[in-house]
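Coordinates from input16.txt are shown below (compact mmCIF, C-alpha atoms).
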```txt
# COMPACT_ATOMS: atom_id res chain seq x y z
CA MET A 1 0.00 0.00 0.00
CA THR A 2 1.36 3.45 -0.91
CA THR A 3 1.82 6.32 1.52
CA GLU A 4 -1.10 8.11 -0.14
CA GLN A 5 -3.33 5.07 0.25
CA ASP A 6 -2.26 4.76 3.88
CA ALA A 7 -3.27 8.39 4.46
CA ILE A 8 -6.67 7.88 2.84
CA THR A 9 -7.32 4.74 4.87
CA GLY A 10 -6.26 6.53 8.04
CA ALA A 11 -8.52 9.50 7.30
CA GLU A 12 -11.52 7.25 6.68
CA ALA A 13 -10.83 5.34 9.90
CA ARG A 14 -10.71 8.59 11.90
CA VAL A 15 -13.98 9.81 10.40
CA ARG A 16 -15.69 6.52 11.13
CA ALA A 17 -14.27 6.29 14.67
CA ASP A 18 -15.28 9.83 15.62
CA ASP A 19 -18.74 9.33 14.17
CA ARG A 20 -19.38 6.06 15.97
CA ALA A 21 -17.99 7.33 19.27
CA HIS A 22 -19.53 10.80 19.38
CA VAL A 23 -22.25 11.53 16.78
CA PHE A 24 -25.83 10.83 17.80
CA HIS A 25 -27.78 10.14 14.60
CA SER A 26 -31.36 11.14 13.89
CA TRP A 27 -34.15 8.56 13.55
CA SER A 28 -31.72 5.76 14.41
CA ALA A 29 -30.88 3.10 16.96
CA GLN A 30 -27.33 4.22 17.56
CA ALA A 31 -25.70 0.79 17.81
CA LEU A 32 -27.33 -0.37 14.57
CA VAL A 33 -26.08 2.30 12.19
CA ASP A 34 -22.75 2.48 10.38
CA PRO A 35 -22.78 5.59 8.17
CA LEU A 36 -20.67 5.71 5.05
CA PRO A 37 -17.79 8.19 5.44
CA VAL A 38 -18.04 10.65 2.54
CA GLU A 39 -14.91 12.37 1.29
CA GLY A 40 -16.37 14.80 -1.25
CA GLY A 41 -18.89 15.60 -3.92
CA GLU A 42 -19.32 17.54 -7.13
CA GLY A 43 -22.42 18.15 -9.20
CA SER A 44 -24.66 15.09 -9.12
CA GLU A 45 -22.07 12.77 -7.55
CA PHE A 46 -20.40 12.18 -4.22
CA TRP A 47 -17.70 9.70 -3.30
CA ASP A 48 -16.27 7.81 -0.35
CA TYR A 49 -12.65 7.48 0.78
CA GLU A 50 -12.14 4.34 -1.28
CA GLY A 51 -12.98 6.19 -4.47
CA ASN A 52 -16.45 4.70 -4.97
CA ARG A 53 -18.61 7.30 -6.72
CA TYR A 54 -22.38 7.49 -6.41
CA LEU A 55 -24.97 9.34 -8.43
CA ASP A 56 -27.00 11.20 -5.81
CA PHE A 57 -30.54 10.21 -6.87
CA GLY A 58 -32.11 11.64 -3.72
CA SER A 59 -30.29 14.99 -3.74
CA GLN A 60 -29.25 14.01 -0.20
CA LEU A 61 -32.60 14.71 1.52
CA VAL A 62 -34.17 16.29 -1.58
CA ASN A 63 -32.44 19.56 -0.78
CA LEU A 64 -29.38 19.62 -3.04
CA ASN A 65 -31.19 21.19 -5.99
CA LEU A 66 -28.06 22.76 -7.47
CA GLY A 67 -25.83 19.82 -6.67
CA HIS A 68 -22.68 19.35 -4.65
CA GLN A 69 -20.14 22.19 -4.47
CA HIS A 70 -21.82 24.49 -6.99
CA PRO A 71 -19.16 27.15 -7.66
CA ASP A 72 -21.62 30.07 -7.69
CA LEU A 73 -23.07 29.15 -4.31
CA ILE A 74 -19.62 28.58 -2.80
CA ALA A 75 -18.42 31.94 -4.16
CA ALA A 76 -21.47 33.71 -2.72
CA ILE A 77 -20.76 32.29 0.74
CA GLU A 78 -17.10 33.29 0.50
CA ARG A 79 -17.94 36.86 -0.56
CA GLN A 80 -20.47 37.22 2.22
CA ALA A 81 -18.08 35.84 4.84
CA ARG A 82 -15.53 38.48 3.88
CA SER A 83 -18.15 41.24 3.88
CA LEU A 84 -20.27 40.45 6.95
CA ALA A 85 -20.31 36.96 8.42
CA THR A 86 -23.31 37.48 10.69
CA ILE A 87 -25.73 40.07 12.02
CA GLN A 88 -28.73 39.64 14.28
CA PRO A 89 -32.20 39.67 12.67
CA SER A 90 -33.33 42.99 14.20
CA PHE A 91 -30.98 44.84 11.83
CA ALA A 92 -31.58 45.33 8.12
CA ASN A 93 -29.16 43.37 5.93
CA ASP A 94 -28.62 43.58 2.18
CA VAL A 95 -28.72 39.88 1.22
CA ARG A 96 -31.54 39.12 3.66
CA GLY A 97 -33.71 41.84 2.18
CA GLU A 98 -32.78 40.97 -1.38
CA LEU A 99 -33.60 37.29 -0.92
CA ALA A 100 -36.95 38.13 0.69
CA ARG A 101 -37.80 40.36 -2.27
CA LEU A 102 -36.77 37.70 -4.80
CA ILE A 103 -38.89 35.06 -3.05
CA THR A 104 -42.01 37.20 -2.83
CA ASP A 105 -41.58 38.24 -6.48
CA VAL A 106 -41.86 34.62 -7.65
CA ALA A 107 -44.40 33.49 -5.04
CA GLY A 108 -47.21 35.58 -6.48
CA GLU A 109 -48.89 38.96 -6.08
CA ARG A 110 -50.69 37.90 -2.93
CA PHE A 111 -47.44 37.71 -0.95
CA SER A 112 -45.54 40.60 0.60
CA SER A 113 -42.94 39.38 3.06
CA VAL A 114 -40.82 36.51 4.38
CA PHE A 115 -40.15 35.37 7.92
CA PHE A 116 -36.84 33.51 7.83
CA THR A 117 -36.17 30.42 9.93
CA ASN A 118 -33.37 27.86 10.19
CA GLY A 119 -35.19 25.08 8.34
CA GLY A 120 -38.49 23.55 7.34
CA ALA A 121 -39.68 22.34 10.75
CA ASP A 122 -39.49 25.76 12.38
CA ALA A 123 -41.00 27.29 9.24
CA ASN A 124 -44.07 25.10 9.79
CA GLU A 125 -44.07 25.88 13.51
CA ASN A 126 -44.17 29.61 12.84
CA ALA A 127 -46.70 29.38 10.01
CA VAL A 128 -49.10 27.58 12.35
CA ARG A 129 -48.43 30.16 15.04
CA MET A 130 -49.31 32.96 12.61
CA ALA A 131 -52.52 31.23 11.56
CA ARG A 132 -53.61 30.67 15.15
CA LEU A 133 -52.92 34.27 16.11
CA VAL A 134 -54.71 35.72 13.08
CA THR A 135 -57.80 33.50 13.31
CA GLY A 136 -57.98 33.11 17.06
CA LYS A 137 -58.55 29.37 16.45
CA ARG A 138 -56.10 26.72 17.63
CA LYS A 139 -56.99 23.49 15.85
CA VAL A 140 -55.00 22.49 12.75
CA LEU A 141 -55.76 19.84 10.12
CA ALA A 142 -53.02 17.86 8.36
CA MET A 143 -52.86 14.74 6.19
CA TYR A 144 -52.05 11.26 7.44
CA ARG A 145 -49.46 10.71 4.69
CA SER A 146 -47.23 13.67 5.42
CA TYR A 147 -44.06 14.87 7.05
CA HIS A 148 -43.74 18.41 8.39
CA GLY A 149 -40.68 18.32 10.66
CA ASN A 150 -39.37 17.24 14.04
CA THR A 151 -40.20 20.15 16.34
CA SER A 152 -43.20 19.95 18.66
CA THR A 153 -46.05 21.19 16.47
CA ALA A 154 -44.40 20.01 13.26
CA ILE A 155 -44.11 16.41 14.42
CA SER A 156 -47.74 16.55 15.59
CA LEU A 157 -48.73 17.69 12.09
CA THR A 158 -46.76 14.79 10.61
CA GLY A 159 -48.93 11.90 9.50
CA ASP A 160 -46.35 9.14 9.17
CA PRO A 161 -45.03 6.79 11.88
CA ARG A 162 -42.34 9.21 13.00
CA ARG A 163 -45.09 10.95 14.93
CA TRP A 164 -46.05 7.91 17.02
CA PRO A 165 -43.21 7.79 19.58
CA ASN A 166 -43.42 11.58 20.01
CA GLU A 167 -47.03 11.57 21.20
CA PRO A 168 -48.67 13.21 22.97
CA ALA A 169 -47.44 16.55 21.68
CA ASP A 170 -49.83 19.13 20.23
CA GLY A 171 -53.26 17.70 20.94
CA SER A 172 -55.03 20.25 18.74
CA VAL A 173 -53.89 18.61 15.47
CA VAL A 174 -56.40 16.45 13.56
CA HIS A 175 -55.44 14.23 10.63
CA PHE A 176 -57.42 13.45 7.51
CA PHE A 177 -56.98 11.39 4.33
CA GLY A 178 -55.60 13.15 1.29
CA PRO A 179 -56.00 11.94 -2.30
CA TYR A 180 -54.04 8.82 -3.29
CA LEU A 181 -55.85 7.16 -6.17
CA TYR A 182 -53.62 4.07 -6.35
CA ARG A 183 -54.59 3.17 -2.77
CA SER A 184 -57.76 5.22 -2.52
CA ALA A 185 -59.35 5.51 0.92
CA PHE A 186 -62.53 6.51 -0.91
CA HIS A 187 -62.86 3.52 -3.29
CA ALA A 188 -62.43 5.91 -6.22
CA GLU A 189 -61.59 4.62 -9.69
CA THR A 190 -60.87 7.90 -11.48
CA GLU A 191 -59.04 11.11 -10.62
CA GLU A 192 -62.34 12.98 -10.76
CA GLU A 193 -63.90 10.63 -8.20
CA GLU A 194 -60.81 10.84 -5.98
CA THR A 195 -60.89 14.63 -6.02
CA ARG A 196 -64.59 14.87 -5.27
CA ARG A 197 -64.61 12.23 -2.53
CA ALA A 198 -61.41 13.48 -0.89
CA LEU A 199 -62.86 17.00 -0.72
CA GLU A 200 -66.14 15.67 0.68
CA HIS A 201 -64.15 13.82 3.34
CA LEU A 202 -62.17 16.96 4.17
CA GLU A 203 -65.30 19.07 4.52
CA GLN A 204 -66.93 16.41 6.69
CA THR A 205 -63.84 16.55 8.92
CA ILE A 206 -64.13 20.33 9.11
CA VAL A 207 -67.82 20.16 10.01
CA LEU A 208 -67.40 17.43 12.60
CA GLU A 209 -64.33 19.05 14.19
CA GLY A 210 -66.01 22.46 14.12
CA ALA A 211 -64.99 25.09 11.59
CA SER A 212 -65.12 27.64 14.41
CA THR A 213 -62.22 25.77 16.09
CA ILE A 214 -59.94 25.26 13.05
CA GLY A 215 -57.27 27.86 12.37
CA ALA A 216 -55.34 26.21 9.55
CA ILE A 217 -55.02 23.34 7.12
CA VAL A 218 -51.42 22.35 6.37
CA ILE A 219 -50.78 20.42 3.15
CA GLU A 220 -47.61 19.36 1.38
CA THR A 221 -48.45 20.57 -2.13
CA ILE A 222 -47.00 17.32 -3.39
CA VAL A 223 -46.59 14.80 -0.59
CA GLY A 224 -42.85 14.14 -0.42
CA THR A 225 -41.26 11.37 1.61
CA ASN A 226 -44.60 9.61 1.96
CA GLY A 227 -45.06 8.89 -1.71
CA VAL A 228 -44.65 11.80 -4.17
CA LEU A 229 -48.42 12.07 -4.26
CA VAL A 230 -49.35 14.64 -6.89
CA PRO A 231 -52.84 15.98 -6.12
CA PRO A 232 -55.40 15.18 -8.82
CA PRO A 233 -56.86 18.05 -10.87
CA GLY A 234 -59.11 20.32 -8.84
CA TYR A 235 -58.13 19.08 -5.40
CA LEU A 236 -56.03 22.03 -4.26
CA ALA A 237 -58.54 24.47 -5.73
CA GLY A 238 -61.16 22.66 -3.66
CA VAL A 239 -59.03 23.01 -0.53
CA ARG A 240 -58.67 26.73 -1.24
CA ALA A 241 -62.44 27.04 -1.59
CA LEU A 242 -63.09 25.17 1.66
CA CYS A 243 -60.62 27.37 3.52
CA ASP A 244 -62.32 30.50 2.18
CA LYS A 245 -65.76 29.14 3.01
CA HIS A 246 -64.90 28.25 6.60
CA GLY A 247 -62.42 31.02 7.49
CA ILE A 248 -59.40 28.72 7.65
CA VAL A 249 -55.80 29.62 6.76
CA TYR A 250 -54.34 27.49 3.96
CA ILE A 251 -50.66 26.69 4.61
CA ALA A 252 -48.73 25.11 1.74
CA ASP A 253 -45.71 23.12 2.90
CA GLU A 254 -43.27 23.51 0.01
CA VAL A 255 -40.17 22.56 1.99
CA MET A 256 -39.36 19.67 -0.35
CA VAL A 257 -40.93 20.74 -3.64
CA GLY A 258 -40.23 24.48 -3.65
CA PHE A 259 -37.52 26.14 -5.72
CA GLY A 260 -37.70 24.20 -8.94
CA ARG A 261 -38.07 20.57 -7.93
CA THR A 262 -41.23 20.23 -10.05
CA GLY A 263 -40.29 22.72 -12.75
CA ASP A 264 -42.00 25.74 -11.13
CA TRP A 265 -40.70 28.06 -8.46
CA PHE A 266 -43.39 26.61 -6.18
CA ALA A 267 -45.43 23.51 -6.88
CA TYR A 268 -48.79 25.15 -6.07
CA GLN A 269 -48.34 27.38 -9.12
CA ALA A 270 -49.07 24.47 -11.45
CA HIS A 271 -52.45 24.02 -9.73
CA GLY A 272 -53.73 27.57 -10.13
CA VAL A 273 -54.07 28.30 -6.41
CA GLU A 274 -52.48 30.71 -3.96
CA PRO A 275 -52.18 29.64 -0.31
CA ASP A 276 -52.20 32.12 2.58
CA LEU A 277 -48.80 31.01 3.89
CA VAL A 278 -46.03 29.06 2.16
CA THR A 279 -43.26 27.29 4.05
CA PHE A 280 -39.92 26.57 2.40
CA ALA A 281 -36.34 25.41 3.09
CA LYS A 282 -34.09 22.86 1.33
CA GLY A 283 -33.90 24.09 -2.28
CA VAL A 284 -33.83 27.80 -1.43
CA ASN A 285 -30.03 27.51 -1.19
CA SER A 286 -29.55 23.75 -1.63
CA GLY A 287 -28.92 23.42 2.10
CA TYR A 288 -25.40 24.84 1.84
CA VAL A 289 -26.17 26.78 5.03
CA PRO A 290 -29.36 26.02 7.02
CA LEU A 291 -32.25 28.25 5.92
CA GLY A 292 -36.03 28.10 5.79
CA GLY A 293 -38.92 30.47 6.04
CA VAL A 294 -42.55 31.43 5.68
CA VAL A 295 -43.82 33.44 2.72
CA ILE A 296 -46.63 35.58 4.11
CA SER A 297 -49.68 36.95 2.32
CA LYS A 298 -50.38 40.66 2.53
CA GLU A 299 -53.51 40.06 4.60
CA ILE A 300 -51.73 38.01 7.26
CA ALA A 301 -48.70 40.29 7.32
CA ALA A 302 -50.98 43.28 7.91
CA ALA A 303 -52.36 41.62 11.04
CA PHE A 304 -48.98 42.21 12.66
CA ASP A 305 -48.55 45.85 11.61
CA GLU A 306 -49.52 47.12 15.07
CA ARG A 307 -49.25 43.85 16.93
CA ALA A 308 -45.95 42.15 17.70
CA PHE A 309 -45.40 38.70 16.27
CA PRO A 310 -44.33 36.57 19.26
CA GLY A 311 -41.57 34.59 17.62
CA GLY A 312 -37.99 34.84 16.46
CA LEU A 313 -34.64 33.08 16.09
CA THR A 314 -31.07 34.22 16.65
CA TYR A 315 -30.09 33.13 13.13
CA SER A 316 -33.22 34.23 11.26
CA GLY A 317 -32.11 35.27 7.78
CA HIS A 318 -28.45 34.56 8.47
CA PRO A 319 -26.32 36.36 5.85
CA LEU A 320 -24.21 33.27 5.09
CA ALA A 321 -27.44 31.38 4.31
CA CYS A 322 -29.15 34.18 2.37
CA ALA A 323 -26.15 34.85 0.10
CA PRO A 324 -26.31 31.43 -1.63
CA GLY A 325 -30.08 31.89 -1.74
CA VAL A 326 -29.64 35.03 -3.84
CA ALA A 327 -27.09 33.18 -5.98
CA THR A 328 -29.61 30.38 -6.47
CA PHE A 329 -31.97 32.79 -8.23
CA GLU A 330 -29.13 33.96 -10.46
CA VAL A 331 -28.19 30.40 -11.41
CA PHE A 332 -31.80 29.40 -12.07
CA ARG A 333 -32.34 32.28 -14.46
CA ARG A 334 -28.98 32.14 -16.20
CA ASP A 335 -29.05 28.38 -16.73
CA GLY A 336 -32.77 27.94 -17.39
CA ILE A 337 -33.15 25.48 -14.51
CA LEU A 338 -36.96 25.48 -14.43
CA GLU A 339 -37.16 24.80 -18.15
CA ARG A 340 -34.63 21.97 -18.06
CA VAL A 341 -36.40 20.32 -15.11
CA LYS A 342 -39.64 20.21 -17.07
CA ASP A 343 -37.85 18.99 -20.18
CA LEU A 344 -35.90 16.20 -18.46
CA GLY A 345 -38.93 15.16 -16.47
CA GLU A 346 -41.23 14.80 -19.47
CA ARG A 347 -38.74 13.73 -22.13
CA ILE A 348 -36.54 11.34 -20.12
CA VAL A 349 -37.99 10.38 -16.74
CA ARG A 350 -41.68 9.93 -17.50
CA PRO A 351 -41.34 7.61 -20.52
CA THR A 352 -38.59 5.59 -18.82
CA LEU A 353 -40.60 5.02 -15.65
CA GLU A 354 -43.81 4.31 -17.52
CA GLY A 355 -41.85 1.71 -19.52
CA TRP A 356 -41.03 -0.05 -16.25
CA LEU A 357 -44.75 -0.72 -15.80
CA GLU A 358 -44.46 -3.02 -18.80
CA SER A 359 -41.04 -4.51 -18.14
CA HIS A 360 -41.02 -5.04 -14.35
CA PRO A 361 -43.70 -7.08 -12.54
CA CYS A 362 -42.57 -5.52 -9.25
CA VAL A 363 -43.55 -2.00 -10.34
CA GLY A 364 -47.12 -1.23 -9.32
CA GLU A 365 -47.30 2.48 -10.12
CA VAL A 366 -45.07 5.38 -11.13
CA ARG A 367 -46.03 9.00 -10.49
CA GLY A 368 -44.47 12.40 -10.34
CA THR A 369 -43.55 15.55 -12.19
CA GLY A 370 -40.38 17.47 -13.02
CA LEU A 371 -37.48 15.75 -11.26
CA PHE A 372 -39.63 14.37 -8.44
CA TRP A 373 -40.99 10.84 -8.95
CA ALA A 374 -41.94 7.72 -7.02
CA VAL A 375 -41.82 4.09 -8.11
CA GLU A 376 -44.12 1.97 -5.96
CA LEU A 377 -42.94 -1.62 -5.62
CA VAL A 378 -45.41 -4.48 -5.12
CA ARG A 379 -45.44 -8.24 -4.70
CA ASP A 380 -48.58 -8.61 -6.77
CA ARG A 381 -49.87 -6.13 -9.32
CA GLU A 382 -53.43 -7.41 -9.14
CA THR A 383 -53.81 -7.13 -5.37
CA ARG A 384 -51.33 -4.21 -5.12
CA GLU A 385 -49.73 -5.85 -2.09
CA PRO A 386 -46.71 -3.70 -1.20
CA LEU A 387 -43.26 -5.23 -1.59
CA VAL A 388 -42.76 -4.64 2.14
CA PRO A 389 -45.39 -3.86 4.79
CA PHE A 390 -46.16 -0.33 5.95
CA ASN A 391 -43.43 0.91 8.30
CA ALA A 392 -41.51 -2.35 7.93
CA SER A 393 -38.19 -2.86 9.72
CA GLY A 394 -35.69 -5.65 10.19
CA ALA A 395 -36.28 -8.80 8.14
CA ALA A 396 -39.64 -7.53 6.89
CA ALA A 397 -37.89 -4.65 5.14
CA ALA A 398 -35.17 -6.85 3.61
CA PRO A 399 -36.43 -6.72 -0.02
CA MET A 400 -35.97 -2.95 -0.10
CA GLY A 401 -32.48 -3.50 1.27
CA VAL A 402 -31.78 -5.81 -1.67
CA PHE A 403 -32.94 -3.10 -4.05
CA ALA A 404 -30.87 -0.38 -2.34
CA LYS A 405 -27.73 -2.54 -2.33
CA ALA A 406 -28.12 -3.27 -6.04
CA CYS A 407 -28.33 0.45 -6.74
CA LYS A 408 -25.28 1.24 -4.63
CA ASP A 409 -23.28 -1.58 -6.20
CA GLY A 410 -24.13 -0.01 -9.56
CA GLY A 411 -22.88 3.41 -8.49
CA LEU A 412 -26.12 5.12 -7.44
CA TRP A 413 -27.31 6.18 -3.99
CA PRO A 414 -31.11 5.73 -3.93
CA PHE A 415 -33.84 7.39 -1.88
CA VAL A 416 -36.03 4.60 -0.49
CA HIS A 417 -39.00 4.80 1.88
CA PHE A 418 -41.27 1.92 2.81
CA ASN A 419 -42.07 0.12 -0.49
CA ARG A 420 -40.96 2.94 -2.79
CA THR A 421 -37.91 4.39 -4.41
CA HIS A 422 -37.97 8.06 -5.30
CA ILE A 423 -36.27 9.65 -8.29
CA ALA A 424 -35.11 13.08 -7.14
CA PRO A 425 -31.63 13.89 -8.49
CA PRO A 426 -30.07 17.35 -8.42
CA LEU A 427 -31.71 19.70 -10.90
CA VAL A 428 -28.31 20.25 -12.54
CA ILE A 429 -27.89 16.57 -13.41
CA THR A 430 -26.72 16.06 -16.98
CA GLU A 431 -28.86 14.11 -19.40
CA GLU A 432 -26.16 11.43 -19.63
CA GLU A 433 -26.05 11.06 -15.84
CA LEU A 434 -29.83 10.91 -15.63
CA VAL A 435 -30.05 8.18 -18.28
CA ARG A 436 -27.21 6.26 -16.62
CA GLY A 437 -28.85 6.51 -13.22
CA LEU A 438 -32.21 5.32 -14.49
CA ALA A 439 -30.46 2.35 -16.11
CA ILE A 440 -28.94 1.43 -12.72
CA VAL A 441 -32.38 1.58 -11.09
CA ASP A 442 -33.78 -0.50 -13.97
CA GLN A 443 -31.21 -3.21 -13.31
CA ALA A 444 -31.93 -3.16 -9.56
CA LEU A 445 -35.63 -3.64 -10.30
CA THR A 446 -34.72 -6.78 -12.21
CA GLU A 447 -33.36 -8.24 -8.98
CA ILE A 448 -36.68 -7.53 -7.25
CA ASP A 449 -38.56 -9.17 -10.12
CA ALA A 450 -36.54 -12.31 -9.50
CA LEU A 451 -37.10 -12.04 -5.74
CA ILE A 452 -40.89 -12.03 -6.01
CA GLY A 453 -40.81 -14.82 -8.61
```
Using the file provided, produce a representation of the structure as structure tokens.
Amino acid sequence: MTTEQDAITGAEARVRADDRAHVFHSWSAQALVDPLPVEGGEGSEFWDYEGNRYLDFGSQLVNLNLGHQHPDLIAAIERQARSLATIQPSFANDVRGELARLITDVAGERFSSVFFTNGGADANENAVRMARLVTGKRKVLAMYRSYHGNTSTAISLTGDPRRWPNEPADGSVVHFFGPYLYRSAFHAETEEEETRRALEHLEQTIVLEGASTIGAIVIETIVGTNGVLVPPPGYLAGVRALCDKHGIVYIADEVMVGFGRTGDWFAYQAHGVEPDLVTFAKGVNSGYVPLGGVVISKEIAAAFDERAFPGGLTYSGHPLACAPGVATFEVFRRDGILERVKDLGERIVRPTLEGWLESHPCVGEVRGTGLFWAVELVRDRETREPLVPFNASGAAAAPMGVFAKACKDGGLWPFVHFNRTHIAPPLVITEEELVRGLAIVDQALTEIDALIG
């Protein structure tokens, strides 16, 4: 072994040893995890200390919209660090104000201002707080299949099993079923039926819970981790109408899908609706420095003109986070990111995934838009039995482990959740990389076909 190889091996060993001895990992049994030490990344790839390179088909946690080590974002952080590394939020700051203006400009005419947070969870916390204060009503409705963050109210809003061990938390949250035609809770057979019946269910929930008690409805515009569930035509417009009818604030959680993931600045824009509050994080600056926020409608912002908003954070609108946010807008416009996301999604991803419905017995459904897709894996297409049970772990989850290993062996790091794999690469991925990555997933699906016989 050469001196250079010795140094690399030693560096990897130190990273692994420090991690295992001192890092407490989220959502994990600490003795059962062994994280891969990552040495670096560039564009749509990252690599370990042994030189194994992986296409990042989950954009880390669907936040790395402009990829690893984007030179424009790095340069923006460096310039800001030399100019002013930090300033508390009670002062005016150039990049903070500029980013807020840029965000409200693309969000729509209804919006006037931005409350910056450190991430998506506290964005949802503060959006709910605003809605409760403005309406004087505490109860909040959220979907069962959802994830809204890990702080107190946000985890209560969450509809997936991550909520369970955190209960009781905020007892004024009520969950309801959102549209999911493939596994319809309403026995619907068409998108039109799913929309109508899902809206009827939501209004029944509002009536039975008491519209006079409900301050907000929080909805991921496209459900993210829990399935890339694109709402059927008319559903979000129906939610908007119900909120207007019953005096409820409509909060759109765009933490995962905002800033180009679907080919629009915000995913709600493709559905012809405008929420009252929009929460964001992740793609606003690709997570290079933690940043999130709430885009606030003029009506709700005006409620705090003469009344103090009782919330704040030391690092709200941190300059080192806002600078790459401003650069993100520049990159998007210069490089036509929104246009290329729509093009790659429709020209490459959609036909490839729809082809898997014909070639892979294990593929039950594919769905998505832009560069945000889900492939639902099943044991039986007729019964739609999932490849692994809901919230499976241990041996029950093994088939998804087989799929993930096949992807990694092929040079791709997948995003898997329950019985699904999600296709969510960086928005800057090249066409060649995208085609190569889809081919790796295709081959991994072949292994699952053989597994289910």
With a cut-off of 6 Å, could you pull out the residues of region 225-282 of chain A touching region 291-310 of chain A and give me the nearest pair of atoms for each, distance in Å to one decimal, using all atoms listed in the file, ordered by chain and ascending number, as JSON lines?
```
{"residue": "A:Asp276", "atom": "CA", "partner": "A:Ser297", "partner_atom": "CA", "distance": 5.5}
{"residue": "A:Leu277", "atom": "CA", "partner": "A:Ile296", "partner_atom": "CA", "distance": 5.1}
{"residue": "A:Val278", "atom": "CA", "partner": "A:Val295", "partner_atom": "CA", "distance": 4.9}
{"residue": "A:Thr279", "atom": "CA", "partner": "A:Val294", "partner_atom": "CA", "distance": 4.5}
{"residue": "A:Phe280", "atom": "CA", "partner": "A:Gly292", "partner_atom": "CA", "distance": 5.4}
{"residue": "A:Ala281", "atom": "CA", "partner": "A:Gly292", "partner_atom": "CA", "distance": 3.8}
```
Worksheet item: Could you work out how far CA of Asn124 (chain A) lies from CA of Pro168 (chain A), giving the answer in Å with one decimal?
Response: 18.3 Å
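Nearest to Arg384 (chain A) of all the residues A:Arg367, A:Lys139, A:His201, A:Arg183 is A:Arg183, based on only C-alpha atoms.
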Can you build me a table of region 134-154 of chain A residues sitting at most 10 Å from region 220-223 of chain A, with the closest atom pair per residue and its distance in Å to one decimal, using all atoms listed in the file, sorted by chain and residue number, as a tab-separated table?
```
residue	atom	partner	partner_atom	distance
A:Ala142	CA	A:Glu220	CA	9.0
A:Met143	CA	A:Glu220	CA	8.5
A:Arg145	CA	A:Val223	CA	7.3
A:Ser146	CA	A:Val223	CA	6.1
A:Tyr147	CA	A:Val223	CA	8.0
A:His148	CA	A:Glu220	CA	8.1
```
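Between CA of Arg79 (chain A) and CA of Asp56 (chain A) the interatomic distance comes to 27.7 Å.
CA of Phe259 (chain A) is positioned 22.6 Å from CA of Gly234 (chain A).
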Fill in: Non-local contacts of Pro414 (chain A) (8 Å; all atoms listed in the file; under 2 positions in same chain excluded) as an MDAnalysis selection string
chainID A and resid 56:58 404 407:408 412 416 421:423
Please complete region 213-224 of chain A so it has N, CA and C atoms, and hand it over as a compact mmCIF listing (two decimals), in the coordinates of the input.
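Output contents, as saved in result09.txt:
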```txt
# COMPACT_ATOMS: atom_id res chain seq x y z
N THR A 213 -63.39 26.13 15.26
CA THR A 213 -62.22 25.77 16.09
C THR A 213 -60.95 25.60 15.26
N ILE A 214 -61.07 25.62 13.93
CA ILE A 214 -59.94 25.26 13.05
C ILE A 214 -59.28 26.51 12.50
N GLY A 215 -58.00 26.70 12.84
CA GLY A 215 -57.27 27.86 12.37
C GLY A 215 -56.57 27.66 11.05
N ALA A 216 -56.14 26.42 10.75
CA ALA A 216 -55.34 26.21 9.55
C ALA A 216 -55.46 24.78 9.04
N ILE A 217 -55.25 24.63 7.75
CA ILE A 217 -55.02 23.34 7.12
C ILE A 217 -53.63 23.39 6.52
N VAL A 218 -52.80 22.41 6.86
CA VAL A 218 -51.42 22.35 6.37
C VAL A 218 -51.31 21.17 5.40
N ILE A 219 -50.86 21.45 4.17
CA ILE A 219 -50.78 20.42 3.15
C ILE A 219 -49.45 20.53 2.41
N GLU A 220 -48.72 19.42 2.32
CA GLU A 220 -47.61 19.36 1.38
C GLU A 220 -48.22 19.42 -0.03
N THR A 221 -47.84 20.41 -0.81
CA THR A 221 -48.45 20.57 -2.13
C THR A 221 -48.35 19.28 -2.92
N ILE A 222 -47.19 18.69 -2.94
CA ILE A 222 -47.00 17.32 -3.39
C ILE A 222 -46.39 16.57 -2.22
N VAL A 223 -47.10 15.56 -1.73
CA VAL A 223 -46.59 14.80 -0.59
C VAL A 223 -45.22 14.25 -0.95
N GLY A 224 -44.23 14.46 -0.09
CA GLY A 224 -42.85 14.14 -0.42
C GLY A 224 -42.42 12.76 -0.01
```
